[in-house]
file final-v7.cif (mmCIF, C-alpha atoms)
data_entry
#
loop_
_atom_site.label_atom_id
_atom_site.label_comp_id
_atom_site.auth_asym_id
_atom_site.auth_seq_id
_atom_site.Cartn_x
_atom_site.Cartn_y
_atom_site.Cartn_z
CA MET A 1 80.07 33.60 65.92
CA GLU A 2 76.88 35.47 65.34
CA GLU A 3 73.98 33.47 63.77
CA LYS A 4 72.37 35.06 60.69
CA VAL A 5 68.62 35.50 60.75
CA PRO A 6 66.75 35.39 57.35
CA PRO A 7 64.99 38.56 56.39
CA GLN A 8 61.36 38.71 57.48
CA PRO A 9 58.58 39.96 55.16
CA GLN A 10 57.50 43.44 55.73
CA GLY A 11 53.99 44.06 56.92
CA ASP A 12 51.39 41.82 58.38
CA TYR A 13 51.10 39.47 55.38
CA PRO A 14 52.48 35.92 55.38
CA PRO A 15 54.81 34.83 52.61
CA PRO A 16 53.44 33.71 49.28
CA GLY A 17 52.21 30.11 49.28
CA ALA A 18 51.16 30.18 52.85
CA GLN A 19 47.83 28.54 53.74
CA GLY A 20 44.78 30.60 52.83
CA TYR A 21 46.42 32.59 50.05
CA ALA A 22 46.48 32.07 46.28
CA PRO A 23 49.81 31.39 44.61
CA PRO A 24 51.41 34.14 42.58
CA PRO A 25 50.20 34.65 39.02
CA GLY A 26 51.36 31.84 36.71
CA ALA A 27 52.35 29.52 39.56
CA PRO A 28 50.68 26.11 39.86
CA PRO A 29 48.19 25.78 42.68
CA ALA A 30 49.22 24.11 45.85
CA VAL A 31 48.50 20.44 46.07
CA GLY A 32 45.19 19.74 47.75
CA TYR A 33 43.92 23.26 47.52
CA ALA A 34 41.40 24.69 45.07
CA PRO A 35 41.79 28.19 43.69
CA PRO A 36 39.79 30.82 45.45
CA PRO A 37 36.24 31.50 44.22
CA GLY A 38 36.17 33.63 41.12
CA ALA A 39 39.79 32.94 40.20
CA PRO A 40 40.49 31.50 36.73
CA PRO A 41 41.43 27.82 36.76
CA ALA A 42 45.05 26.92 36.43
CA VAL A 43 46.39 25.93 33.06
CA GLY A 44 46.15 22.16 32.55
CA TYR A 45 43.67 21.52 35.38
CA ALA A 46 39.94 21.03 35.00
CA PRO A 47 37.81 23.35 37.06
CA PRO A 48 36.35 21.75 40.15
CA PRO A 49 32.75 20.63 39.85
CA GLN A 50 30.39 23.25 41.17
CA GLY A 51 27.50 20.77 41.58
CA TYR A 52 24.89 19.09 39.38
CA ALA A 53 22.24 21.00 37.55
CA ALA A 54 18.58 20.09 38.07
CA PRO A 55 17.35 17.41 35.64
CA PRO A 56 15.40 18.69 32.63
CA GLN A 57 11.65 18.72 33.09
CA GLY A 58 10.85 17.42 29.60
CA TYR A 59 11.92 17.32 26.02
CA ALA A 60 10.17 18.91 23.14
CA PRO A 61 8.67 16.37 20.67
CA PRO A 62 10.92 15.61 17.72
CA PRO A 63 10.04 17.36 14.50
CA GLN A 64 7.69 15.35 12.27
CA GLY A 65 9.10 16.64 9.04
CA TYR A 66 11.04 19.37 7.43
CA ALA A 67 9.39 22.57 6.46
CA PRO A 68 9.85 23.69 2.86
CA PRO A 69 12.17 26.63 2.15
CA PRO A 70 10.61 30.09 2.58
CA GLY A 71 8.26 30.89 -0.27
CA GLN A 72 8.08 27.29 -1.52
CA ALA A 73 5.86 24.28 -0.85
CA TYR A 74 6.16 20.58 -1.40
CA ALA A 75 3.81 19.09 -3.99
CA PRO A 76 1.91 15.83 -3.25
CA PRO A 77 3.24 12.59 -4.75
CA PRO A 78 2.64 12.15 -8.49
CA GLY A 79 -0.83 10.90 -9.32
CA GLN A 80 -2.13 11.72 -5.86
CA GLY A 81 -3.60 14.68 -4.18
CA TYR A 82 -4.95 15.75 -0.87
CA ALA A 83 -8.63 16.45 -0.63
CA PRO A 84 -9.63 19.65 1.13
CA PRO A 85 -11.48 19.36 4.45
CA GLY A 86 -15.09 18.25 4.01
CA ALA A 87 -14.47 16.80 0.53
CA TYR A 88 -15.46 13.29 1.58
CA ALA A 89 -19.13 12.50 1.41
CA PRO A 90 -20.81 11.34 4.62
CA PRO A 91 -21.80 7.66 4.82
CA GLN A 92 -25.10 6.89 3.16
CA VAL A 93 -28.00 5.14 4.77
CA GLY A 94 -28.13 1.58 3.50
CA TYR A 95 -28.14 -2.07 4.40
CA ALA A 96 -24.43 -2.39 5.18
CA PRO A 97 -23.40 0.37 7.57
CA GLN A 98 -19.73 1.12 7.74
CA VAL A 99 -17.70 2.09 10.78
CA GLY A 100 -14.50 3.91 9.97
CA GLY A 101 -14.66 2.79 6.33
CA VAL A 102 -14.99 -0.90 7.24
CA PRO A 103 -18.40 -2.59 7.60
CA ALA A 104 -19.32 -4.46 10.72
CA GLY A 105 -19.03 -7.75 8.83
CA GLY A 106 -15.29 -7.42 8.21
CA GLN A 107 -12.81 -6.10 5.64
CA TRP A 108 -14.06 -5.17 2.18
CA MET A 109 -12.34 -6.17 -1.02
CA ALA A 110 -10.44 -3.30 -2.65
CA ALA A 111 -12.41 -1.63 -5.40
CA PRO A 112 -10.93 -2.40 -8.84
CA ALA A 113 -10.53 0.12 -11.63
CA ALA A 114 -13.36 0.69 -14.09
CA ILE A 115 -13.40 -1.61 -17.13
CA PRO A 116 -14.84 -0.46 -20.47
CA GLY A 117 -17.99 -2.39 -21.36
CA CYS A 118 -18.42 -3.77 -17.83
CA PRO A 119 -21.45 -2.60 -15.83
CA GLN A 120 -20.35 -0.37 -12.98
CA GLY A 121 -19.90 -2.39 -9.81
CA LEU A 122 -19.33 -5.74 -11.53
CA GLU A 123 -15.58 -5.14 -11.90
CA TYR A 124 -15.12 -7.14 -8.68
CA LEU A 125 -16.27 -10.28 -10.50
CA THR A 126 -13.42 -10.04 -13.01
CA GLN A 127 -10.92 -10.79 -10.21
CA VAL A 128 -12.56 -13.87 -8.67
CA ASN A 129 -13.40 -17.41 -9.70
CA GLN A 130 -15.01 -18.40 -6.41
CA LEU A 131 -17.50 -16.72 -4.11
CA LEU A 132 -18.96 -17.58 -0.73
CA ILE A 133 -22.52 -16.46 0.05
CA GLN A 134 -23.45 -16.52 3.73
CA GLN A 135 -26.95 -15.88 4.96
CA LYS A 136 -27.06 -13.91 8.21
CA VAL A 137 -28.78 -15.52 11.18
CA GLU A 138 -31.82 -13.53 12.35
CA LEU A 139 -32.37 -14.03 16.09
CA LEU A 140 -36.01 -12.91 15.92
CA GLU A 141 -36.71 -15.52 13.28
CA ALA A 142 -34.77 -18.24 15.10
CA PHE A 143 -36.59 -17.81 18.43
CA THR A 144 -40.09 -16.79 17.35
CA GLY A 145 -40.48 -18.24 13.86
CA PHE A 146 -41.48 -14.82 12.53
CA GLU A 147 -40.19 -14.70 8.96
CA THR A 148 -37.87 -11.73 8.37
CA ALA A 149 -36.24 -10.41 5.22
CA ASN A 150 -33.14 -12.38 4.29
CA LYS A 151 -29.71 -10.76 4.25
CA TYR A 152 -26.51 -12.18 2.80
CA GLN A 153 -22.80 -11.43 2.74
CA ILE A 154 -20.93 -12.27 -0.47
CA LYS A 155 -17.21 -12.88 0.11
CA ASN A 156 -14.14 -13.92 -1.83
CA THR A 157 -11.79 -16.76 -0.92
CA LEU A 158 -9.80 -14.43 1.39
CA GLY A 159 -12.88 -13.76 3.49
CA GLN A 160 -13.20 -10.17 2.25
CA ASN A 161 -16.67 -8.78 1.62
CA VAL A 162 -17.43 -8.26 -2.05
CA TYR A 163 -21.16 -7.50 -1.93
CA PHE A 164 -24.02 -7.29 0.52
CA ALA A 165 -27.47 -8.57 -0.48
CA ALA A 166 -30.77 -7.68 1.17
CA GLU A 167 -34.24 -8.94 0.39
CA ASP A 168 -36.94 -6.35 -0.22
CA SER A 169 -40.40 -7.80 0.42
CA ASP A 170 -43.41 -6.99 2.60
CA CYS A 171 -44.24 -8.73 5.87
CA CYS A 172 -47.56 -10.18 4.71
CA THR A 173 -45.96 -11.84 1.69
CA ARG A 174 -43.21 -13.43 3.81
CA GLN A 175 -45.64 -14.89 6.36
CA CYS A 176 -48.30 -16.10 3.90
CA CYS A 177 -46.39 -17.19 0.81
CA GLY A 178 -43.25 -18.53 2.48
CA PRO A 179 -40.46 -19.70 0.16
CA LEU A 180 -42.64 -19.16 -2.94
CA ARG A 181 -42.92 -15.44 -2.26
CA ALA A 182 -42.06 -12.79 -4.79
CA PHE A 183 -39.18 -10.51 -3.83
CA ASP A 184 -36.65 -7.97 -4.99
CA MET A 185 -33.02 -8.48 -3.97
CA LYS A 186 -30.71 -5.49 -3.77
CA ILE A 187 -26.98 -6.20 -4.06
CA LEU A 188 -24.73 -3.42 -2.77
CA ASP A 189 -21.00 -2.82 -3.10
CA ASN A 190 -18.61 -1.44 -0.46
CA ASN A 191 -19.79 2.11 -1.23
CA GLN A 192 -23.36 1.01 -0.45
CA GLN A 193 -24.35 1.58 -4.06
CA GLU A 194 -26.79 -0.85 -5.64
CA VAL A 195 -24.88 -2.59 -8.41
CA MET A 196 -27.28 -5.48 -9.08
CA HIS A 197 -31.01 -5.90 -8.77
CA LEU A 198 -32.75 -9.28 -8.74
CA GLU A 199 -36.48 -9.66 -9.28
CA ARG A 200 -38.40 -12.85 -8.63
CA PRO A 201 -42.08 -12.89 -9.59
CA PHE A 202 -44.58 -15.13 -7.82
CA ARG A 203 -44.51 -18.50 -9.58
CA CYS A 204 -45.07 -22.18 -8.87
CA ALA A 205 -42.14 -24.53 -8.43
CA SER A 206 -43.56 -28.02 -8.83
CA CYS A 207 -43.10 -30.13 -11.92
CA TRP A 208 -46.89 -30.54 -11.97
CA THR A 209 -47.22 -26.93 -13.14
CA PRO A 210 -44.94 -26.76 -16.19
CA CYS A 211 -46.57 -23.60 -17.49
CA CYS A 212 -45.68 -21.49 -14.46
CA LEU A 213 -42.14 -22.34 -13.40
CA GLN A 214 -39.64 -20.23 -11.48
CA GLU A 215 -37.82 -17.28 -13.01
CA LEU A 216 -35.38 -14.60 -11.85
CA VAL A 217 -34.51 -11.38 -13.67
CA VAL A 218 -30.99 -9.98 -13.21
CA SER A 219 -30.33 -6.27 -13.82
CA SER A 220 -27.09 -4.30 -13.64
CA PRO A 221 -27.21 -1.40 -13.23
CA PRO A 222 -30.75 -1.52 -11.82
CA GLY A 223 -33.20 -1.12 -14.68
CA THR A 224 -30.91 -2.67 -17.32
CA VAL A 225 -31.58 -6.39 -17.77
CA ILE A 226 -28.41 -8.43 -18.34
CA GLY A 227 -29.79 -11.94 -17.94
CA TYR A 228 -32.39 -14.41 -16.72
CA VAL A 229 -32.43 -17.54 -14.59
CA LYS A 230 -35.30 -19.80 -15.72
CA GLN A 231 -36.37 -23.16 -14.38
CA ARG A 232 -36.74 -25.79 -17.07
CA TRP A 233 -39.43 -28.42 -16.71
CA SER A 234 -38.12 -31.77 -15.51
CA PRO A 235 -39.92 -34.52 -13.54
CA ILE A 236 -36.77 -35.63 -11.69
CA TYR A 237 -33.91 -33.13 -11.60
CA PRO A 238 -33.97 -29.38 -10.93
CA ILE A 239 -32.65 -27.77 -14.11
CA PHE A 240 -32.15 -24.07 -14.80
CA ASP A 241 -31.19 -22.16 -17.93
CA ILE A 242 -29.00 -19.05 -17.73
CA GLU A 243 -29.90 -16.65 -20.53
CA ASP A 244 -28.39 -13.33 -21.54
CA GLY A 245 -30.33 -10.11 -21.87
CA ASN A 246 -31.58 -11.14 -25.32
CA GLY A 247 -32.93 -14.46 -24.07
CA ASP A 248 -30.16 -16.59 -25.62
CA LEU A 249 -28.95 -19.62 -23.68
CA ILE A 250 -25.42 -19.27 -22.27
CA LEU A 251 -25.22 -21.72 -19.33
CA LYS A 252 -27.10 -24.55 -17.64
CA ILE A 253 -27.47 -25.59 -14.01
CA GLU A 254 -28.41 -29.15 -13.06
CA GLY A 255 -29.07 -30.22 -9.48
CA PRO A 256 -29.45 -33.58 -7.73
CA CYS A 257 -32.62 -35.61 -7.59
CA CYS A 258 -32.90 -35.07 -3.81
CA ALA A 259 -31.74 -31.68 -2.58
CA ILE A 260 -31.46 -32.61 1.08
CA GLY A 261 -29.07 -34.53 3.30
CA CYS A 262 -26.38 -34.30 5.97
CA GLY A 263 -23.72 -32.97 3.64
CA ASP A 264 -23.07 -30.59 0.78
CA VAL A 265 -25.64 -30.42 -2.02
CA GLU A 266 -24.12 -29.59 -5.40
CA PHE A 267 -25.69 -28.04 -8.49
CA MET A 268 -23.42 -28.43 -11.50
CA VAL A 269 -22.83 -25.48 -13.86
CA LYS A 270 -22.50 -26.52 -17.50
CA SER A 271 -21.89 -24.81 -20.81
CA LYS A 272 -24.30 -25.04 -23.72
CA ASP A 273 -22.62 -28.26 -24.87
CA ASP A 274 -23.04 -29.85 -21.39
CA THR A 275 -19.39 -29.41 -20.34
CA GLU A 276 -19.01 -28.90 -16.61
CA ILE A 277 -17.33 -25.55 -15.93
CA GLY A 278 -18.25 -24.92 -12.30
CA LYS A 279 -20.74 -25.65 -9.53
CA ILE A 280 -22.98 -24.15 -6.88
CA SER A 281 -22.64 -25.90 -3.52
CA LYS A 282 -25.03 -25.64 -0.62
CA GLN A 283 -22.61 -26.21 2.24
CA TRP A 284 -23.53 -28.19 5.35
CA SER A 285 -23.61 -25.77 8.31
CA GLY A 286 -23.92 -28.21 11.18
CA LEU A 287 -26.86 -30.05 12.70
CA ALA A 288 -27.95 -27.32 15.13
CA LYS A 289 -27.86 -24.51 12.58
CA GLU A 290 -29.61 -26.63 9.95
CA MET A 291 -32.39 -27.63 12.33
CA PHE A 292 -33.16 -24.35 14.07
CA THR A 293 -32.41 -21.73 11.42
CA ASP A 294 -32.71 -21.35 7.67
CA ALA A 295 -29.41 -19.46 7.42
CA ASP A 296 -27.49 -21.21 4.64
CA ASN A 297 -24.00 -21.02 3.17
CA PHE A 298 -23.36 -21.38 -0.55
CA GLY A 299 -20.20 -21.58 -2.61
CA ILE A 300 -19.88 -20.75 -6.31
CA GLN A 301 -17.08 -21.82 -8.63
CA PHE A 302 -16.76 -20.60 -12.22
CA PRO A 303 -13.96 -19.91 -14.72
CA MET A 304 -11.96 -16.76 -14.12
CA ASP A 305 -12.47 -15.61 -17.73
CA LEU A 306 -16.24 -16.13 -17.70
CA ASP A 307 -18.17 -13.02 -18.74
CA VAL A 308 -19.05 -10.87 -15.72
CA LYS A 309 -22.72 -10.78 -16.74
CA ALA A 310 -22.83 -14.57 -16.69
CA LYS A 311 -21.15 -14.53 -13.28
CA ALA A 312 -23.77 -12.08 -12.04
CA CYS A 313 -26.53 -14.40 -13.28
CA LEU A 314 -24.94 -17.31 -11.38
CA VAL A 315 -24.99 -15.20 -8.22
CA GLY A 316 -28.68 -14.59 -8.82
CA ALA A 317 -29.24 -18.32 -9.37
CA VAL A 318 -27.93 -18.99 -5.84
CA PHE A 319 -30.72 -16.92 -4.29
CA LEU A 320 -33.38 -18.61 -6.42
CA ILE A 321 -32.08 -22.07 -5.46
CA ASP A 322 -31.95 -21.07 -1.80
CA PHE A 323 -35.59 -19.98 -1.77
CA MET A 324 -36.79 -22.98 -3.77
CA PHE A 325 -35.09 -25.78 -1.81
CA PHE A 326 -33.54 -24.53 1.45
CA GLU A 327 -35.87 -21.85 2.81
CA SER A 328 -38.27 -22.75 5.63
CA THR A 329 -41.15 -20.77 7.12
CA ASN A 330 -42.14 -20.27 10.77
CA ASN A 331 -39.52 -22.78 11.97
CA GLN A 332 -41.38 -25.55 10.16
CA ASN A 333 -39.58 -28.32 8.36
CA ASN A 334 -41.21 -27.52 5.05
CA GLN A 335 -38.14 -27.47 2.81
CA ARG A 336 -38.61 -29.04 -0.59
CA THR A 337 -36.53 -32.08 -1.41
CA GLY A 338 -37.10 -32.10 -5.17
CA VAL A 339 -39.03 -30.70 -8.09
CA TRP A 340 -41.86 -33.21 -7.70
CA GLN A 341 -43.25 -31.55 -4.57
#
call {"tool": "encode", "arguments": {"input": "final-v7.cif", "output": "structure tokens"}}
result
Amino acid sequence: MEEKVPPQPQGDYPPPGAQGYAPPPGAPPAVGYAPPPGAPPAVGYAPPPQGYAAPPQGYAPPPQGYAPPPGQAYAPPPGQGYAPPGAYAPPQVGYAPQVGGVPAGGQWMAAPAAIPGCPQGLEYLTQVNQLLIQQKVELLEAFTGFETANKYQIKNTLGQNVYFAAEDSDCCTRQCCGPLRAFDMKILDNNQQEVMHLERPFRCASCWTPCCLQELVVSSPPGTVIGYVKQRWSPIYPIFDIEDGNGDLILKIEGPCCAIGCGDVEFMVKSKDDTEIGKISKQWSGLAKEMFTDADNFGIQFPMDLDVKAKACLVGAVFLIDFMFFESTNNQNNQRTGVWQ
């Protein structure tokens, strides 16, 4: 019986599905073989990976905000505005230079809003019932004994600067007259504007000269007298009267018999009827600082609702008390211990 031979394909081409050839259109690809380059992938199969793209070289920074619609602009927040370039005044030359809006001594207390009837610059005093007055240590004075002009920082209980005070006196007066010298004291706010001016004329301080006792004139703004600090004659205790601009008594200050010691020295603040309402404390700074410098620290306490002009006079009283009892000259131990000296 003759064996049948299957028909052979015509031509030189192998049958469909043979190795090296793509399957007919619509047929699934052979297992283990990828479609030829350029051929569309088969339905239901993901295209083979062609490789990995190069990593991105960087990303653009994210947008910082959204631009307003064309032809429109966003207004600043209510009650605020943006100053044009150059609208801020350059820092002024003064006693308390500022770096970046903050003085070298630390953070300043935020400026309060203006108050009707309150001298400009004294609004700070309406928000405090305690102040700390720190005298700055002068290295030249500490090492050589050469008397320099005193400078003070006035701070609140949070340690924020409220005012800066600087003595204005000539060199000859400081070296020759010592603690009895006449001086002007300029008190500046955080804008380096003079908000208070203190004037101390040359006077005697001993109880043996009752006709020429100490006095301090307080002005705010400078040129407008708002009060006086006057020493009252007493053979034992240092006593001061606080008077308003008309010369009427508003407060009293009474100190201890001996204004020296290894501890705080307190001067009591009293009303006209002798009721204690506050105090001025000369704070003990440590043995080394007390012996080798005349840089002193003072604290003031007064009622929160006390008139700001009276508070300003109490600040002035601190400087008068400092010069009378706690100021030394040429590194000599010549501080006064009482009114009898």
call {"tool": "atom_distance", "arguments": {"input": "final-v7.cif", "atom1": "CA of Met109 (chain A)", "atom2": "CA of Ser219 (chain A)"}}
result
22.1 Å
call {"tool": "resolve_selection", "arguments": {"input": "final-v7.cif", "expression": "the PyMOL selection byres ((chain A and resi 248-264) around 8)", "output": "number ranges by chain"}}
result
A: 236-247, 265-272, 274, 281-284, 287, 310, 325, 336-338
call {"tool": "closest_residue", "arguments": {"input": "final-v7.cif", "among": "A:Cys172, A:Gln134, A:Phe323, A:Cys313", "to": "Gln214 (chain A)", "atoms": "all atoms listed in the file"}}
result
A:Phe323
call {"tool": "resolve_selection", "arguments": {"input": "final-v7.cif", "expression": "the PyMOL selection byres ((chain A and resi 185) around 9)", "output": "list in words"}}
result
Ala165, Ala166, Glu167, Asp168, Ser169, Phe183, Asp184, Lys186, Ile187, Met196, His197, Leu198, Glu199, Arg200, Gly316 and Phe319 of chain A
call {"tool": "residues_around", "arguments": {"input": "final-v7.cif", "residues": "region 296-300 of chain A", "least_positions_apart": "6", "cutoff": "9 Å", "atoms": "all atoms listed in the file", "output": "PyMOL selection string"}}
result
chain A and resi 129-137+278-285+289-290+314-315+318+322+326-327
call {"tool": "write_last_selection", "arguments": {"input": "final-v7.cif", "atoms": "C-alpha atoms", "output": "compact mmCIF listing (two decimals), keeping the file's coordinate frame"}}
result
# COMPACT_ATOMS: atom_id res chain seq x y z
CA ASN A 129 -13.40 -17.41 -9.70
CA GLN A 130 -15.01 -18.40 -6.41
CA LEU A 131 -17.50 -16.72 -4.11
CA LEU A 132 -18.96 -17.58 -0.73
CA ILE A 133 -22.52 -16.46 0.05
CA GLN A 134 -23.45 -16.52 3.73
CA GLN A 135 -26.95 -15.88 4.96
CA LYS A 136 -27.06 -13.91 8.21
CA VAL A 137 -28.78 -15.52 11.18
CA GLY A 278 -18.25 -24.92 -12.30
CA LYS A 279 -20.74 -25.65 -9.53
CA ILE A 280 -22.98 -24.15 -6.88
CA SER A 281 -22.64 -25.90 -3.52
CA LYS A 282 -25.03 -25.64 -0.62
CA GLN A 283 -22.61 -26.21 2.24
CA TRP A 284 -23.53 -28.19 5.35
CA SER A 285 -23.61 -25.77 8.31
CA LYS A 289 -27.86 -24.51 12.58
CA GLU A 290 -29.61 -26.63 9.95
CA LEU A 314 -24.94 -17.31 -11.38
CA VAL A 315 -24.99 -15.20 -8.22
CA VAL A 318 -27.93 -18.99 -5.84
CA ASP A 322 -31.95 -21.07 -1.80
CA PHE A 326 -33.54 -24.53 1.45
CA GLU A 327 -35.87 -21.85 2.81
call {"tool": "atom_distance", "arguments": {"input": "final-v7.cif", "atom1": "CA of Ala182 (chain A)", "atom2": "CA of Pro201 (chain A)"}}
result
4.8 Å
call {"tool": "closest_residue", "arguments": {"input": "final-v7.cif", "among": "A:Phe202, A:Tyr124, A:Trp233, A:Trp108", "to": "Thr173 (chain A)", "atoms": "all atoms listed in the file"}}
result
A:Phe202
call {"tool": "atom_distance", "arguments": {"input": "final-v7.cif", "atom1": "CA of Thr148 (chain A)", "atom2": "CA of Gln175 (chain A)"}}
result
8.6 Å
call {"tool": "axis_aligned_box", "arguments": {"input": "final-v7.cif", "around": "region 262-272 of chain A", "padding_each_side": "3 Å", "output": "AutoDock Vina command-line options"}}
result
--center_x -24.1 --center_y -29.6 --center_z -8.9 --size_x 10.5 --size_y 15.5 --size_z 35.7
call {"tool": "build_atoms", "arguments": {"input": "final-v7.cif", "residues": "region 193-201 of chain A", "atoms": "all heavy atoms", "output": "mmCIF file, keeping the file's coordinate frame"}}
result
data_model
loop_
_atom_site.group_PDB
_atom_site.id
_atom_site.type_symbol
_atom_site.label_atom_id
_atom_site.label_comp_id
_atom_site.auth_asym_id
_atom_site.auth_seq_id
_atom_site.Cartn_x
_atom_site.Cartn_y
_atom_site.Cartn_z
ATOM 1 N N GLN A 193 -23.638 1.291 -2.829
ATOM 2 C CA GLN A 193 -24.350 1.580 -4.060
ATOM 3 C C GLN A 193 -24.925 0.287 -4.612
ATOM 4 O O GLN A 193 -24.248 -0.743 -4.639
ATOM 5 C CB GLN A 193 -23.413 2.231 -5.087
ATOM 6 C CG GLN A 193 -22.787 3.545 -4.622
ATOM 7 C CD GLN A 193 -23.806 4.644 -4.431
ATOM 8 O OE1 GLN A 193 -24.804 4.710 -5.148
ATOM 9 N NE2 GLN A 193 -23.561 5.522 -3.478
ATOM 10 N N GLU A 194 -26.162 0.338 -5.069
ATOM 11 C CA GLU A 194 -26.790 -0.850 -5.640
ATOM 12 C C GLU A 194 -26.209 -1.126 -7.017
ATOM 13 O O GLU A 194 -26.358 -0.327 -7.933
ATOM 14 C CB GLU A 194 -28.308 -0.663 -5.717
ATOM 15 C CG GLU A 194 -29.035 -1.925 -6.200
ATOM 16 C CD GLU A 194 -30.545 -1.747 -6.220
ATOM 17 O OE1 GLU A 194 -31.029 -0.642 -5.882
ATOM 18 O OE2 GLU A 194 -31.238 -2.716 -6.582
ATOM 19 N N VAL A 195 -25.539 -2.254 -7.144
ATOM 20 C CA VAL A 195 -24.880 -2.590 -8.410
ATOM 21 C C VAL A 195 -25.629 -3.690 -9.155
ATOM 22 O O VAL A 195 -25.444 -3.836 -10.367
ATOM 23 C CB VAL A 195 -23.420 -3.041 -8.154
ATOM 24 C CG1 VAL A 195 -22.616 -1.911 -7.551
ATOM 25 C CG2 VAL A 195 -23.363 -4.262 -7.260
ATOM 26 N N MET A 196 -26.459 -4.449 -8.448
ATOM 27 C CA MET A 196 -27.280 -5.480 -9.080
ATOM 28 C C MET A 196 -28.662 -5.469 -8.455
ATOM 29 O O MET A 196 -28.809 -5.202 -7.255
ATOM 30 C CB MET A 196 -26.659 -6.875 -8.927
ATOM 31 C CG MET A 196 -25.613 -7.232 -9.946
ATOM 32 S SD MET A 196 -25.164 -8.985 -9.852
ATOM 33 C CE MET A 196 -24.128 -8.988 -8.392
ATOM 34 N N HIS A 197 -29.641 -5.802 -9.262
ATOM 35 C CA HIS A 197 -31.010 -5.900 -8.770
ATOM 36 C C HIS A 197 -31.607 -7.201 -9.301
ATOM 37 O O HIS A 197 -31.572 -7.464 -10.505
ATOM 38 C CB HIS A 197 -31.848 -4.707 -9.232
ATOM 39 C CG HIS A 197 -33.220 -4.660 -8.619
ATOM 40 N ND1 HIS A 197 -33.480 -3.988 -7.437
ATOM 41 C CD2 HIS A 197 -34.398 -5.219 -8.999
ATOM 42 C CE1 HIS A 197 -34.750 -4.125 -7.134
ATOM 43 N NE2 HIS A 197 -35.333 -4.869 -8.063
ATOM 44 N N LEU A 198 -32.137 -8.009 -8.381
ATOM 45 C CA LEU A 198 -32.750 -9.280 -8.740
ATOM 46 C C LEU A 198 -34.250 -9.186 -8.477
ATOM 47 O O LEU A 198 -34.675 -8.684 -7.429
ATOM 48 C CB LEU A 198 -32.154 -10.430 -7.913
ATOM 49 C CG LEU A 198 -30.625 -10.510 -7.855
ATOM 50 C CD1 LEU A 198 -30.197 -11.677 -6.972
ATOM 51 C CD2 LEU A 198 -30.032 -10.641 -9.245
ATOM 52 N N GLU A 199 -35.024 -9.689 -9.411
ATOM 53 C CA GLU A 199 -36.480 -9.660 -9.280
ATOM 54 C C GLU A 199 -37.036 -11.059 -9.510
ATOM 55 O O GLU A 199 -36.792 -11.675 -10.555
ATOM 56 C CB GLU A 199 -37.087 -8.673 -10.273
ATOM 57 C CG GLU A 199 -38.605 -8.583 -10.193
ATOM 58 C CD GLU A 199 -39.200 -7.648 -11.229
ATOM 59 O OE1 GLU A 199 -38.414 -7.063 -12.005
ATOM 60 O OE2 GLU A 199 -40.430 -7.520 -11.278
ATOM 61 N N ARG A 200 -37.764 -11.542 -8.520
ATOM 62 C CA ARG A 200 -38.400 -12.850 -8.630
ATOM 63 C C ARG A 200 -39.910 -12.681 -8.566
ATOM 64 O O ARG A 200 -40.458 -12.305 -7.526
ATOM 65 C CB ARG A 200 -37.954 -13.769 -7.493
ATOM 66 C CG ARG A 200 -38.573 -15.162 -7.561
ATOM 67 C CD ARG A 200 -38.588 -15.827 -6.187
ATOM 68 N NE ARG A 200 -38.962 -17.221 -6.254
ATOM 69 C CZ ARG A 200 -39.231 -17.978 -5.188
ATOM 70 N NH1 ARG A 200 -39.164 -17.456 -3.961
ATOM 71 N NH2 ARG A 200 -39.570 -19.238 -5.326
ATOM 72 N N PRO A 201 -40.622 -12.963 -9.632
ATOM 73 C CA PRO A 201 -42.080 -12.890 -9.590
ATOM 74 C C PRO A 201 -42.665 -14.110 -8.876
ATOM 75 O O PRO A 201 -41.971 -15.114 -8.671
ATOM 76 C CB PRO A 201 -42.479 -12.859 -11.063
ATOM 77 C CG PRO A 201 -41.358 -13.566 -11.763
ATOM 78 C CD PRO A 201 -40.105 -13.271 -10.971
#
